[in-house]
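Participant: Can you keep this structure in mind? I'll have questions shortly.
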Amino acid sequence: MPIASGYITIDQGWRWLWWWLAIILGVLLLLFTFLYEETKFIPSINGTPSFTASHDVAEDRKSADQKPLDLAPIDSIVTTVPPRRKSYLQRLVPWTTSKGSVSQLLHHTYQPFFVMATIPAVLYVALLYGLLTAAFQVSVTLISTYLPAPPYNFNAAQVGLMNIPALVGNTLGTLVSSPFSDRIILWLARKNNGVYEPEMRLWLLLAFAPFFPAGKLGKYRNRCVFANKSRQA
């Protein structure tokens, strides 16, 4: 949307940016209302277990000392009755009730903060994500504020095209990191006696960590060089 927003501003006016956002969000609201089911994760499914044995257990206990150990398999069947599938209208209700107390509900409100404060890996990823988001927002604000003014004199379309590097970088990062991340965690799990730990995915950040500050510094350097040349001219 930021790339197309410049051309929309030139061809249709800046007010149409908000009209297009309203149209897109309206379509998403309809899709969300009629195609997205209300869900809540329940770790266990209540079923009806049943057990049948081929012989009497009480007799086995009485005669356990009188006969040798029998390793023959015992015929047993454990079944669960799956829950009945709800209809389409039942799945579209805004909310559903489930077993649980108010204290359990409140537990889920502060649990994410507790996890972030007690597990260093989670805290690190949260801080990293926050810093990257803040840096991206600052960059977007500076581009839209300073590039239209002298000495750059960018029009709306040129300002929008400044978001292409972010699109290319995110696309390449996704295509490259996905296969490498899976291979790295398999290699680390083998070295860890076959035990996988979620923190193993963080090691790939070391390979790409220098690119973000390098890109920011390079953008700042190019801006300074361009500004100096414009003043000299």
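If you're wondering about the labels, chains in the structure tokens are A, B, ... by order shown, residues count from 1 in each chain, ligands from 1 in order shown.
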What are the closest atom pairs, with distances in Å to one decimal, for each residue of region 112-145 of chain A lying within 10 Å of region 157-176 of chain A, using only C-alpha atoms, rows by chain and rising residue number, as a Markdown table?
Facilitator:
```
| residue | atom | partner | partner_atom | distance |
| --- | --- | --- | --- | --- |
| A:Phe136 | CA | A:Ala166 | CA | 9.0 |
| A:Ser139 | CA | A:Asn163 | CA | 9.9 |
| A:Val140 | CA | A:Asn163 | CA | 8.2 |
| A:Ile143 | CA | A:Val159 | CA | 6.9 |
| A:Ser144 | CA | A:Val159 | CA | 6.5 |
| A:Thr145 | CA | A:Val159 | CA | 9.6 |
```
Participant: Neighbouring residues of Pro112 (chain A) were defined as those with any atom within 12 Å, considering only C-alpha atoms; residues of the same chain fewer than 6 positions away were excluded. Please report them as number ranges by chain.
Facilitator: A: 106, 118-119, 122-123, 126
Participant: For Ser178 (chain A), which residue out of A:Ser103, A:Leu204, A:Ile23, A:Asn155 is the nearest one, using only C-alpha atoms?
Facilitator: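 Going through A:Ser103, A:Leu204, A:Ile23, A:Asn155 one by one, the smallest distance to Ser178 (chain A) is for A:Leu204.
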